[in-house]
file model.cif (mmCIF, C-alpha atoms)
data_final
#
loop_
_atom_site.label_atom_id
_atom_site.label_comp_id
_atom_site.auth_asym_id
_atom_site.auth_seq_id
_atom_site.Cartn_x
_atom_site.Cartn_y
_atom_site.Cartn_z
CA MET A 1 65.64 0.65 106.54
CA GLU A 2 66.10 2.32 103.17
CA GLY A 3 64.10 5.44 102.50
CA LEU A 4 62.96 6.00 106.06
CA ASN A 5 64.91 9.26 106.20
CA TYR A 6 62.85 10.58 103.28
CA ILE A 7 59.64 9.80 105.15
CA GLY A 8 61.01 11.63 108.19
CA ALA A 9 61.99 14.64 106.08
CA GLY A 10 58.54 14.61 104.53
CA LEU A 11 56.91 14.61 107.96
CA ILE A 12 59.08 17.53 109.08
CA VAL A 13 58.25 19.48 105.93
CA ILE A 14 54.54 18.85 106.51
CA GLY A 15 54.97 20.08 110.07
CA ALA A 16 56.83 23.18 108.91
CA ALA A 17 54.17 23.89 106.30
CA VAL A 18 51.40 23.59 108.91
CA GLY A 19 53.37 25.86 111.22
CA ILE A 20 53.95 28.55 108.60
CA GLY A 21 50.32 28.31 107.55
CA ARG A 22 49.17 28.84 111.11
CA ILE A 23 51.52 31.83 111.49
CA GLY A 24 50.15 33.36 108.29
CA GLY A 25 46.55 32.74 109.36
CA SER A 26 47.08 34.17 112.82
CA ALA A 27 48.81 37.21 111.34
CA MET A 28 45.77 37.75 109.08
CA ASP A 29 43.48 37.55 112.11
CA ALA A 30 45.68 39.98 114.02
CA ILE A 31 45.81 42.46 111.12
CA ALA A 32 42.03 42.25 110.75
CA ARG A 33 41.62 43.10 114.42
CA GLN A 34 44.26 45.83 114.49
CA PRO A 35 45.01 47.13 111.02
CA GLU A 36 47.16 49.94 112.46
CA ALA A 37 49.63 47.38 113.85
CA SER A 38 50.03 45.57 110.53
CA GLY A 39 53.67 46.60 110.06
CA LYS A 40 54.79 45.14 113.36
CA ILE A 41 52.70 42.01 112.84
CA GLN A 42 54.20 41.44 109.41
CA THR A 43 57.74 41.73 110.76
CA ALA A 44 57.09 39.28 113.56
CA MET A 45 55.33 36.93 111.13
CA LEU A 46 58.26 36.93 108.70
CA ILE A 47 60.79 36.25 111.44
CA ALA A 48 58.79 33.36 112.86
CA ALA A 49 58.16 31.94 109.39
CA ALA A 50 61.87 32.19 108.54
CA LEU A 51 62.86 30.37 111.71
CA ILE A 52 60.45 27.50 111.02
CA GLU A 53 61.51 27.38 107.39
CA GLY A 54 65.09 26.88 108.57
CA ILE A 55 64.03 23.65 110.31
CA GLY A 56 62.32 22.46 107.15
CA PHE A 57 65.44 23.04 105.07
CA ALA A 58 67.63 21.40 107.71
CA ALA A 59 65.44 18.31 107.41
CA LEU A 60 65.68 18.37 103.62
CA PHE A 61 69.46 18.50 103.79
CA ALA A 62 69.70 15.79 106.43
CA ALA A 63 67.62 13.43 104.27
CA MET B 1 59.31 50.00 85.76
CA PHE B 2 62.08 48.20 87.54
CA LEU B 3 59.89 45.24 88.31
CA VAL B 4 58.90 44.97 84.68
CA SER B 5 62.48 45.08 83.48
CA PHE B 6 63.46 42.43 85.99
CA VAL B 7 60.56 40.26 84.95
CA SER B 8 61.61 40.44 81.33
CA MET B 9 65.13 39.51 82.40
CA ALA B 10 63.85 36.52 84.33
CA GLN B 11 61.87 35.45 81.30
CA HIS B 12 64.90 35.82 79.10
CA HIS B 13 66.67 33.55 81.54
CA GLY B 14 64.07 30.92 80.81
CA ASN B 15 64.28 31.36 77.05
CA GLU B 16 68.00 30.97 76.95
CA HIS B 17 68.05 27.72 78.85
CA ALA B 18 65.23 26.71 76.60
CA GLN B 19 67.45 27.27 73.56
CA HIS B 20 70.20 25.25 75.13
CA ALA B 21 67.94 22.34 75.90
CA ALA B 22 66.37 22.57 72.45
CA LYS B 23 69.35 20.95 70.79
CA GLU B 24 68.75 17.81 72.75
CA THR B 25 65.13 17.42 71.72
CA GLU B 26 65.96 15.07 68.87
CA GLU B 27 67.46 12.55 71.23
CA SER B 28 65.44 9.97 73.11
CA GLY B 29 63.34 10.84 76.16
CA SER B 30 65.52 9.26 78.84
CA SER B 31 68.71 10.94 77.62
CA LEU B 32 66.82 14.25 77.43
CA LYS B 33 65.85 13.88 81.06
CA LYS B 34 69.45 13.12 81.94
CA ASP B 35 70.65 16.13 79.93
CA ILE B 36 68.26 18.44 81.75
CA LYS B 37 69.37 16.99 85.08
CA ASP B 38 73.02 17.45 84.13
CA PHE B 39 72.38 20.99 82.98
CA ILE B 40 70.66 21.92 86.25
CA GLY B 41 73.42 20.28 88.25
CA HIS B 42 76.02 22.13 86.23
CA HIS B 43 74.17 25.41 86.65
CA LEU B 44 74.21 25.05 90.43
CA LEU B 45 77.97 24.61 90.61
CA ASP B 46 80.70 27.17 90.53
CA SER B 47 82.98 26.97 87.48
CA HIS B 48 86.39 28.08 86.34
CA ASP B 49 85.13 29.93 83.29
CA PHE B 50 82.28 32.30 82.66
CA GLY B 51 80.12 30.51 80.11
CA LEU B 52 77.03 32.11 78.65
CA PHE B 53 75.84 29.21 76.53
CA SER B 54 77.19 26.41 74.39
CA TYR B 55 75.91 24.43 71.45
CA GLU B 56 77.06 21.90 68.87
CA ASP B 57 77.63 23.16 65.34
CA ASP B 58 76.89 21.24 62.13
CA HIS B 59 80.14 19.30 62.38
CA GLY B 60 79.35 18.10 65.90
CA LYS B 61 81.91 20.43 67.43
CA GLU B 62 81.10 22.03 70.77
CA ILE B 63 81.08 25.82 70.58
CA HIS B 64 81.25 27.72 73.88
CA PHE B 65 80.37 31.36 74.36
CA GLY B 66 81.85 33.07 77.37
CA ALA B 67 85.03 34.34 78.91
CA PRO B 68 87.92 32.51 80.58
CA LEU B 69 88.86 33.42 84.14
CA PRO B 70 92.24 33.35 85.86
CA VAL B 71 93.26 30.12 87.56
CA ILE B 72 95.48 30.47 90.63
CA LEU B 73 96.86 27.22 91.99
CA PHE B 74 99.25 26.53 94.81
CA ASP B 75 101.04 23.23 94.71
CA SER B 76 103.75 21.95 97.05
CA GLU B 77 106.06 20.94 94.20
CA SER B 78 105.73 23.65 91.58
CA GLY B 79 104.65 26.50 93.86
CA LEU B 80 102.32 29.18 92.59
CA ASN B 81 100.73 28.66 89.18
CA VAL B 82 98.76 31.43 87.51
CA PHE B 83 97.26 30.91 84.08
CA SER B 84 94.05 31.46 82.14
CA SER B 85 91.29 28.89 82.35
CA SER B 86 91.11 28.92 78.54
CA LYS B 87 94.06 26.51 78.70
CA PHE B 88 91.72 23.80 79.95
CA HIS B 89 89.51 24.05 76.83
CA HIS B 90 86.46 23.28 79.01
CA GLY B 91 88.04 20.21 80.50
CA GLU B 92 88.96 18.67 77.15
CA GLU B 93 92.67 19.36 77.26
CA VAL B 94 95.52 19.28 79.75
CA ALA B 95 96.82 22.67 80.85
CA GLU B 96 100.59 23.01 81.10
CA ASN B 97 102.21 25.67 83.24
CA ASN B 98 105.90 25.84 84.27
CA GLY B 99 106.36 22.15 83.59
CA SER B 100 103.43 20.88 85.66
CA TYR B 101 100.21 19.59 84.15
CA PHE B 102 96.69 20.17 85.37
CA LYS B 103 93.38 18.82 84.21
CA LEU B 104 89.86 20.03 84.88
CA TYR B 105 87.69 17.06 85.77
CA HIS B 106 84.07 17.49 86.95
CA GLY B 107 84.72 21.10 87.90
CA LYS B 108 87.78 20.31 90.03
CA ILE B 109 91.43 20.76 89.08
CA TYR B 110 93.73 17.75 89.41
CA LYS B 111 97.45 17.41 88.93
CA THR B 112 98.24 14.97 86.13
CA ASP B 113 101.03 13.83 83.86
CA ALA B 114 101.51 15.26 80.37
CA ALA B 115 98.90 12.89 78.91
CA GLY B 116 96.28 13.96 81.42
CA THR B 117 95.72 10.53 82.96
CA ILE B 118 93.28 10.48 85.83
CA SER B 119 93.29 7.41 88.06
CA TYR B 120 90.22 6.27 89.96
CA ASP B 121 89.52 4.32 93.13
CA GLU B 122 86.78 1.67 93.37
CA HIS B 123 84.04 4.31 93.86
CA HIS B 124 85.10 6.05 90.64
CA HIS B 125 86.51 9.02 92.54
CA ALA B 126 89.64 10.55 91.08
CA THR B 127 92.71 9.82 93.19
CA ASN B 128 95.01 12.37 91.56
CA GLU B 129 96.67 14.97 93.72
CA LYS B 130 94.67 18.18 94.06
CA PRO B 131 96.56 21.48 94.21
CA LEU B 132 95.24 24.23 96.48
CA ASP B 133 92.82 26.19 94.35
CA PHE B 134 92.63 29.96 94.87
CA SER B 135 91.24 30.65 91.41
CA ILE B 136 89.05 33.59 90.56
CA THR B 137 86.07 31.42 89.71
CA LYS B 138 82.78 32.62 88.30
CA ASN B 139 81.36 33.27 91.77
CA VAL B 140 84.47 35.06 93.02
CA ALA B 141 84.55 37.24 89.90
CA PHE B 142 80.94 38.26 90.41
CA ILE B 143 81.44 38.91 94.12
CA PHE B 144 84.23 41.32 93.11
CA LEU B 145 82.05 42.92 90.45
CA VAL B 146 79.09 43.38 92.79
CA GLY B 147 81.42 44.76 95.45
CA LEU B 148 82.88 47.24 92.99
CA PHE B 149 79.43 48.22 91.76
CA MET B 150 78.19 48.80 95.30
CA PHE B 151 81.32 50.76 96.20
CA LEU B 152 80.93 53.07 93.20
CA VAL B 153 77.19 53.60 93.61
CA PHE B 154 77.24 54.21 97.34
CA THR B 155 80.32 56.43 97.45
CA LYS B 156 78.81 58.55 94.69
CA MET B 157 75.61 58.77 96.70
CA ALA B 158 77.47 59.64 99.90
CA LYS B 159 79.42 62.42 98.13
CA ASN B 160 76.17 63.84 96.85
CA TYR B 161 74.86 64.35 100.39
CA LYS B 162 77.68 66.78 101.07
CA THR B 163 76.29 69.28 98.59
CA SER B 164 72.55 68.73 98.88
CA ALA B 165 70.08 67.06 101.21
CA LEU B 166 68.30 65.40 98.30
CA PRO B 167 69.77 62.38 96.54
CA LYS B 168 70.18 62.47 92.79
CA GLY B 169 69.47 59.89 90.12
CA PHE B 170 69.79 56.29 91.25
CA GLY B 171 70.19 57.47 94.84
CA ARG B 172 66.50 58.38 94.89
CA LEU B 173 65.70 54.70 94.59
CA LEU B 174 68.22 53.71 97.22
CA GLU B 175 67.47 56.31 99.87
CA PRO B 176 64.10 54.87 100.94
CA LEU B 177 65.66 51.40 101.10
CA ILE B 178 68.53 52.63 103.28
CA LEU B 179 66.09 54.46 105.53
CA TYR B 180 63.99 51.31 105.70
CA VAL B 181 66.96 49.26 106.85
CA ARG B 182 67.75 51.89 109.47
CA ASP B 183 64.26 52.65 110.76
CA GLU B 184 62.55 49.29 110.42
CA ILE B 185 65.38 46.80 110.85
CA ALA B 186 68.25 48.32 112.83
CA ILE B 187 66.61 50.68 115.33
CA PRO B 188 63.73 48.43 116.53
CA ASN B 189 66.02 45.42 116.97
CA ILE B 190 69.27 46.94 118.20
CA GLY B 191 68.08 50.07 119.97
CA HIS B 192 68.66 53.81 119.58
CA LYS B 193 71.92 53.87 121.50
CA GLN B 194 73.85 51.10 119.78
CA TYR B 195 72.51 50.78 116.24
CA ARG B 196 75.02 53.09 114.55
CA LYS B 197 78.04 50.82 114.65
CA TYR B 198 76.13 47.97 113.00
CA MET B 199 74.55 50.02 110.23
CA SER B 200 77.47 49.66 107.81
CA TYR B 201 77.38 45.87 108.00
CA LEU B 202 73.60 45.61 107.86
CA LEU B 203 73.37 47.87 104.79
CA THR B 204 76.21 46.05 103.06
CA VAL B 205 74.77 42.61 103.66
CA PHE B 206 71.26 43.71 102.65
CA PHE B 207 72.28 45.20 99.34
CA PHE B 208 74.89 42.54 98.60
CA VAL B 209 72.51 39.64 99.12
CA TRP B 210 69.74 41.38 97.24
CA ILE B 211 71.82 42.36 94.21
CA VAL B 212 73.42 38.95 94.05
CA ASN B 213 70.03 37.20 94.31
CA LEU B 214 68.63 39.35 91.52
CA LEU B 215 71.70 38.63 89.37
CA GLY B 216 70.97 34.96 89.90
CA LEU B 217 67.65 35.46 88.11
CA THR B 218 69.20 37.11 85.06
CA PRO B 219 70.21 35.12 81.97
CA VAL B 220 73.93 35.34 82.76
CA GLY B 221 73.40 32.24 84.85
CA ILE B 222 75.43 33.13 87.90
CA ASN B 223 74.20 32.29 91.34
CA VAL B 224 76.52 33.36 94.07
CA THR B 225 74.20 32.84 97.02
CA ASN B 226 73.58 29.20 96.23
CA ASN B 227 77.20 28.51 96.95
CA ILE B 228 77.29 27.45 100.59
CA ALA B 229 80.78 28.91 101.05
CA VAL B 230 79.44 32.40 100.32
CA THR B 231 76.57 32.15 102.77
CA LEU B 232 78.96 30.59 105.29
CA SER B 233 81.23 33.63 105.07
CA LEU B 234 78.32 36.02 105.43
CA SER B 235 76.93 34.25 108.48
CA LEU B 236 80.43 33.90 109.92
CA ILE B 237 80.77 37.69 109.85
CA THR B 238 77.45 37.97 111.68
CA TYR B 239 78.64 35.41 114.23
CA LEU B 240 81.99 37.14 114.80
CA LEU B 241 80.37 40.56 115.11
CA THR B 242 77.84 39.19 117.62
CA THR B 243 80.50 37.41 119.65
CA PHE B 244 83.04 40.19 119.77
CA THR B 245 80.71 43.12 120.36
CA ALA B 246 78.64 41.33 123.01
CA ASN B 247 78.46 42.91 126.46
CA LYS B 248 78.64 41.05 129.75
CA ASN B 249 74.86 40.94 129.96
CA TYR B 250 74.77 38.72 126.86
CA TRP B 251 77.27 36.26 128.28
CA LYS B 252 75.49 36.27 131.61
CA HIS B 253 72.28 35.27 129.87
CA ILE B 254 74.11 32.40 128.21
CA PHE B 255 76.14 30.95 131.07
CA TRP B 256 74.28 31.97 134.23
CA MET B 257 70.88 33.29 133.31
CA PRO B 258 69.13 35.15 136.11
CA GLY B 259 65.81 33.95 137.46
CA VAL B 260 66.36 30.25 136.73
CA PRO B 261 66.84 27.61 139.48
CA THR B 262 70.52 26.66 139.92
CA PRO B 263 70.29 23.00 138.68
CA MET B 264 68.59 24.22 135.53
CA LYS B 265 71.43 26.67 134.89
CA PHE B 266 73.84 23.75 134.40
CA LEU B 267 71.45 22.21 131.92
CA LEU B 268 70.69 25.41 130.02
CA ALA B 269 74.21 26.81 129.70
CA PRO B 270 75.43 24.22 127.13
CA ILE B 271 72.17 24.52 125.19
CA GLU B 272 72.48 28.30 125.08
CA LEU B 273 76.13 28.04 124.08
CA LEU B 274 75.18 25.68 121.27
CA GLY B 275 72.44 28.13 120.34
CA THR B 276 74.98 30.85 119.60
CA ILE B 277 76.44 28.60 116.88
CA ILE B 278 73.10 27.30 115.62
CA LYS B 279 71.84 30.84 114.99
CA PRO B 280 74.42 31.79 112.30
CA PHE B 281 74.31 28.20 111.02
CA SER B 282 70.59 28.54 110.36
CA LEU B 283 71.27 31.89 108.65
CA MET B 284 73.70 30.12 106.33
CA ILE B 285 71.38 27.20 105.57
CA ARG B 286 68.33 29.40 105.06
CA LEU B 287 69.84 31.66 102.42
CA TYR B 288 71.63 28.81 100.65
CA ALA B 289 68.65 26.46 100.67
CA ASN B 290 66.09 29.04 99.61
CA ILE B 291 68.07 30.17 96.60
CA THR B 292 69.14 26.66 95.61
CA ALA B 293 65.63 25.28 95.92
CA GLY B 294 64.25 28.19 93.91
CA HIS B 295 66.76 27.65 91.10
CA ILE B 296 66.20 23.89 90.99
CA VAL B 297 62.42 24.19 90.86
CA LEU B 298 62.50 26.98 88.28
CA MET B 299 64.90 25.16 86.00
CA SER B 300 63.10 21.84 86.37
CA ILE B 301 59.86 23.45 85.27
CA ILE B 302 61.62 25.08 82.32
CA GLY B 303 63.07 21.66 81.51
CA MET B 304 59.60 20.14 81.64
CA MET B 305 58.64 22.09 78.51
CA PHE B 306 61.00 19.91 76.50
CA ILE B 307 59.79 16.71 78.07
CA PHE B 308 56.11 17.41 77.35
CA LYS B 309 56.59 18.80 73.82
CA ASN B 310 52.85 19.22 73.29
CA TRP B 311 50.33 22.05 73.18
CA ILE B 312 49.02 21.54 76.71
CA GLY B 313 52.02 20.71 78.86
CA SER B 314 54.55 23.15 77.48
CA PRO B 315 52.47 26.35 77.75
CA LEU B 316 51.38 25.18 81.17
CA SER B 317 54.95 24.83 82.37
CA PHE B 318 55.82 28.11 80.67
CA GLY B 319 53.10 29.84 82.68
CA LEU B 320 54.24 28.10 85.81
CA ALA B 321 57.85 29.17 85.15
CA PHE B 322 56.66 32.74 84.64
CA ALA B 323 54.76 32.73 87.93
CA LEU B 324 57.71 31.17 89.72
CA SER B 325 60.07 33.80 88.29
CA LEU B 326 57.84 36.44 89.85
CA LEU B 327 57.88 34.53 93.12
CA GLU B 328 61.66 34.28 92.95
CA LEU B 329 61.88 38.07 92.64
CA LEU B 330 59.98 38.28 95.91
CA VAL B 331 62.16 35.59 97.47
CA ALA B 332 65.33 37.43 96.40
CA ALA B 333 64.27 40.53 98.32
CA LEU B 334 62.73 38.59 101.19
CA GLN B 335 65.85 36.56 101.85
CA ALA B 336 68.01 39.68 101.87
CA TYR B 337 65.52 41.25 104.30
CA ILE B 338 65.41 38.20 106.56
CA PHE B 339 69.19 37.82 106.62
CA THR B 340 69.57 41.48 107.61
CA MET B 341 66.68 41.29 110.06
CA LEU B 342 67.98 38.22 111.89
CA SER B 343 71.53 39.63 111.95
CA ALA B 344 70.12 42.79 113.54
CA LEU B 345 68.18 40.64 116.01
CA TYR B 346 71.33 38.80 117.05
CA PHE B 347 73.30 42.05 117.35
CA GLY B 348 70.46 43.44 119.41
CA SER B 349 70.61 40.51 121.81
CA ALA B 350 74.38 40.96 122.08
CA VAL B 351 74.26 44.61 123.11
CA GLU B 352 71.03 44.58 125.11
CA GLU B 353 71.33 46.29 128.48
CA HIS B 354 69.67 44.94 131.57
CA ASP B 355 67.14 47.74 131.78
CA ASP B 356 66.20 47.56 128.13
CA HIS B 357 63.50 44.95 128.54
#

call {"tool": "encode", "arguments": {"input": "model.cif", "output": "structure tokens"}}
result
Amino acid sequence: MEGLNYIGAGLIVIGAAVGIGRIGGSAMDAIARQPEASGKIQTAMLIAAALIEGIGFAALFAA
Amino acid sequence: MFLVSFVSMAQHHGNEHAQHAAKETEESGSSLKKDIKDFIGHHLLDSHDFGLFSYEDDHGKEIHFGAPLPVILFDSESGLNVFSSSKFHHGEEVAENNGSYFKLYHGKIYKTDAAGTISYDEHHHATNEKPLDFSITKNVAFIFLVGLFMFLVFTKMAKNYKTSALPKGFGRLLEPLILYVRDEIAIPNIGHKQYRKYMSYLLTVFFFVWIVNLLGLTPVGINVTNNIAVTLSLSLITYLLTTFTANKNYWKHIFWMPGVPTPMKFLLAPIELLGTIIKPFSLMIRLYANITAGHIVLMSIIGMMFIFKNWIGSPLSFGLAFALSLLELLVAALQAYIFTMLSALYFGSAVEEHDDH
């Protein structure tokens, strides 16, 4: 099956994008509720986003 | 101020590649696309000379601007060969040194006869013998330069603290960054007791990755961090530091984690052990892929100006390239931050005491 790996990579990238989007959205909610904790929330958000992004890139390279 | 100067540099970057691609505009569309593709591919690779730009003069002769770099080869027959990469004439001629002949072909050095014959197998791969290549390539040269620059700047800054508590000059910019790495990255992740011994590595890796990423956005056209060997070495240092400074608590959590039923321990131990390798591997891939993807997208959009060649498409892609350059400035700092942050996180897990959490 030619090209199936590209479809798989695309699906993973969509998943990663949804995941990072949800992290960003949740971080916004959290900052809105507790603006004083924004520094900690941002750090945690960046780490989680970086970890998910790693999966996305791994998929791109596997394809 | 700094941001503005960097932005103008990033824009200059765009303009210069624009000039290079401009010479190909007279040719047909498909060959233009191929040229742009080749140029991007060439840009992403390491090379044996430091080329700023090249063009064809009126007589159709290729003119290259740049500087040659030393080539260091080790070959089983002729031993050590050291010569300047200008001998290759950008791959057009055979370089002769101590009676052996070498030819540059698609960025790799092959051993040839005096005529420079390169033989191919059925997949059109060169089958010539390859000598061991320890050359100071473009990337290596810039790693040395950035290292020297960092050494000079930071030793000067450190000396300054002996006489006064306030930093002078450029140090005023760096001090908040260093304090940020210490107070926001190292201490929260590693802990008050242990963070000191990791600070030197964390600061070095933060500033090295950041400076090198920013250099990748300048018109000199070097990109050290999109060479996977560089990011591999950086993440390998993180891995070795984590492994060799880990306390017994870390290993206990990998091989025999407390609070888990015994059958599960046999299942989890190999996964955790694999995890120790996956962590630095993901560090390597993340930095490499982010920078490579950024460069490819940026250069493709710059290349699109010459494909559109009209009053709507070209300004549009110019604007897009401008916005992306700004984004790449953010990415350059963000990737340095994330690399440092995750390294600190892994160090923290390695030295965590049982009562810490």

call {"tool": "atom_distance", "arguments": {"input": "model.cif", "atom1": "atom CA of Ala16 of chain A", "atom2": "atom CA of His253 of chain B"}}
result
28.7 Å

call {"tool": "interface_residues", "arguments": {"input": "model.cif", "of": "chain B", "to": "chain A", "cutoff": "8 Å", "atoms": "only C-alpha atoms", "output": "number ranges by chain"}}
result
B: 282-283, 285-286, 289, 338, 341-342

call {"tool": "resolve_selection", "arguments": {"input": "model.cif", "expression": "the PyMOL selection byres ((chain B and resi 140) around 12)", "output": "list of chain:residue names"}}
result
B:Asp46, B:Ser47, B:His48, B:Asp49, B:Phe50, B:Leu69, B:Pro70, B:Val71, B:Phe134, B:Ser135, B:Ile136, B:Thr137, B:Lys138, B:Asn139, B:Ala141, B:Phe142, B:Ile143, B:Phe144, B:Leu145, B:Val146, B:Gly147, B:Val212, B:Ile222, B:Asn223, B:Val224, B:Thr225, B:Asn227, B:Ala229, B:Val230

call {"tool": "write_last_selection", "arguments": {"input": "model.cif", "atoms": "C-alpha atoms", "output": "compact mmCIF listing (two decimals), in the coordinates of the input"}}
result
# COMPACT_ATOMS: atom_id res chain seq x y z
CA ASP B 46 80.70 27.17 90.53
CA SER B 47 82.98 26.97 87.48
CA HIS B 48 86.39 28.08 86.34
CA ASP B 49 85.13 29.93 83.29
CA PHE B 50 82.28 32.30 82.66
CA LEU B 69 88.86 33.42 84.14
CA PRO B 70 92.24 33.35 85.86
CA VAL B 71 93.26 30.12 87.56
CA PHE B 134 92.63 29.96 94.87
CA SER B 135 91.24 30.65 91.41
CA ILE B 136 89.05 33.59 90.56
CA THR B 137 86.07 31.42 89.71
CA LYS B 138 82.78 32.62 88.30
CA ASN B 139 81.36 33.27 91.77
CA ALA B 141 84.55 37.24 89.90
CA PHE B 142 80.94 38.26 90.41
CA ILE B 143 81.44 38.91 94.12
CA PHE B 144 84.23 41.32 93.11
CA LEU B 145 82.05 42.92 90.45
CA VAL B 146 79.09 43.38 92.79
CA GLY B 147 81.42 44.76 95.45
CA VAL B 212 73.42 38.95 94.05
CA ILE B 222 75.43 33.13 87.90
CA ASN B 223 74.20 32.29 91.34
CA VAL B 224 76.52 33.36 94.07
CA THR B 225 74.20 32.84 97.02
CA ASN B 227 77.20 28.51 96.95
CA ALA B 229 80.78 28.91 101.05
CA VAL B 230 79.44 32.40 100.32

call {"tool": "atom_distance", "arguments": {"input": "model.cif", "atom1": "atom CA of Ile12 of chain A", "atom2": "atom CA of Leu217 of chain B"}}
result
28.9 Å

call {"tool": "atom_distance", "arguments": {"input": "model.cif", "atom1": "atom CA of Thr276 of chain B", "atom2": "atom CA of Tyr180 of chain B"}}
result
27.1 Å

call {"tool": "residues_near_point", "arguments": {"input": "model.cif", "point": "(70.8, 44.3, 101.0)", "cutoff": "9 Å", "atoms": "all atoms listed in the file", "output": "PyMOL selection string"}}
result
chain B and resi 177-178+181+202-211+333+336-337+339-340

call {"tool": "closest_residue", "arguments": {"input": "model.cif", "among": "B:Met284, B:Leu173, B:Leu268, B:Leu298", "to": "Thr231 of chain B", "atoms": "only C-alpha atoms"}}
result
B:Met284

call {"tool": "residues_around", "arguments": {"input": "model.cif", "residues": "Ile254 of chain B", "least_positions_apart": "2", "cutoff": "7 Å", "atoms": "all atoms listed in the file", "output": "list in words"}}
result
Tyr250, Trp251, Lys252, Trp256, Met257, Ala269, Glu272 and Leu273 of chain B

call {"tool": "write_last_selection", "arguments": {"input": "model.cif", "atoms": "C-alpha atoms", "output": "PDB file, keeping the file's coordinate frame"}}
result
ATOM      1  CA  TYR B 250      74.770  38.720 126.860  1.00  0.00           C
ATOM      2  CA  TRP B 251      77.270  36.260 128.280  1.00  0.00           C
ATOM      3  CA  LYS B 252      75.490  36.270 131.610  1.00  0.00           C
ATOM      4  CA  TRP B 256      74.280  31.970 134.230  1.00  0.00           C
ATOM      5  CA  MET B 257      70.880  33.290 133.310  1.00  0.00           C
ATOM      6  CA  ALA B 269      74.210  26.810 129.700  1.00  0.00           C
ATOM      7  CA  GLU B 272      72.480  28.300 125.080  1.00  0.00           C
ATOM      8  CA  LEU B 273      76.130  28.040 124.080  1.00  0.00           C
TER       9      LEU B 273
END

call {"tool": "resolve_selection", "arguments": {"input": "model.cif", "expression": "the PyMOL selection byres ((chain B and resi 131) around 9)", "output": "JSON, numbers by chain"}}
result
{"B": [73, 74, 75, 76, 102, 109, 110, 111, 129, 130, 132, 133]}

call {"tool": "resolve_selection", "arguments": {"input": "model.cif", "expression": "the PyMOL selection byres ((chain B and resi 292) around 9)", "output": "tab-separated table (two decimals) with C-alpha atoms, keeping the file's coordinate frame"}}
result
chain	number	residue	atom	x	y	z
B	44	LEU	CA	74.21	25.05	90.43
B	223	ASN	CA	74.20	32.29	91.34
B	225	THR	CA	74.20	32.84	97.02
B	226	ASN	CA	73.58	29.20	96.23
B	227	ASN	CA	77.20	28.51	96.95
B	287	LEU	CA	69.84	31.66	102.42
B	288	TYR	CA	71.63	28.81	100.65
B	289	ALA	CA	68.65	26.46	100.67
B	290	ASN	CA	66.09	29.04	99.61
B	291	ILE	CA	68.07	30.17	96.60
B	293	ALA	CA	65.63	25.28	95.92
B	294	GLY	CA	64.25	28.19	93.91
B	295	HIS	CA	66.76	27.65	91.10
B	296	ILE	CA	66.20	23.89	90.99
B	297	VAL	CA	62.42	24.19	90.86

call {"tool": "closest_residue", "arguments": {"input": "model.cif", "among": "A:Leu4, A:Ala62, A:Ile52, A:Met45", "to": "Ala27 of chain A", "atoms": "only C-alpha atoms"}}
result
A:Met45

call {"tool": "residues_around", "arguments": {"input": "model.cif", "residues": "Thr245 of chain B", "least_positions_apart": "5", "cutoff": "12 Å", "atoms": "all atoms listed in the file", "output": "list in words"}}
result
Gln194, Tyr195, Lys197, Tyr198, Ile237, Thr238, Tyr239, Leu240, Tyr250, Trp251, Tyr346, Phe347, Gly348, Ser349, Ala350, Val351 and Glu352 of chain B

call {"tool": "closest_residue", "arguments": {"input": "model.cif", "among": "B:Leu345, B:Phe154, B:Asn128, B:Lys309", "to": "Gly191 of chain B", "atoms": "only C-alpha atoms"}}
result
B:Leu345
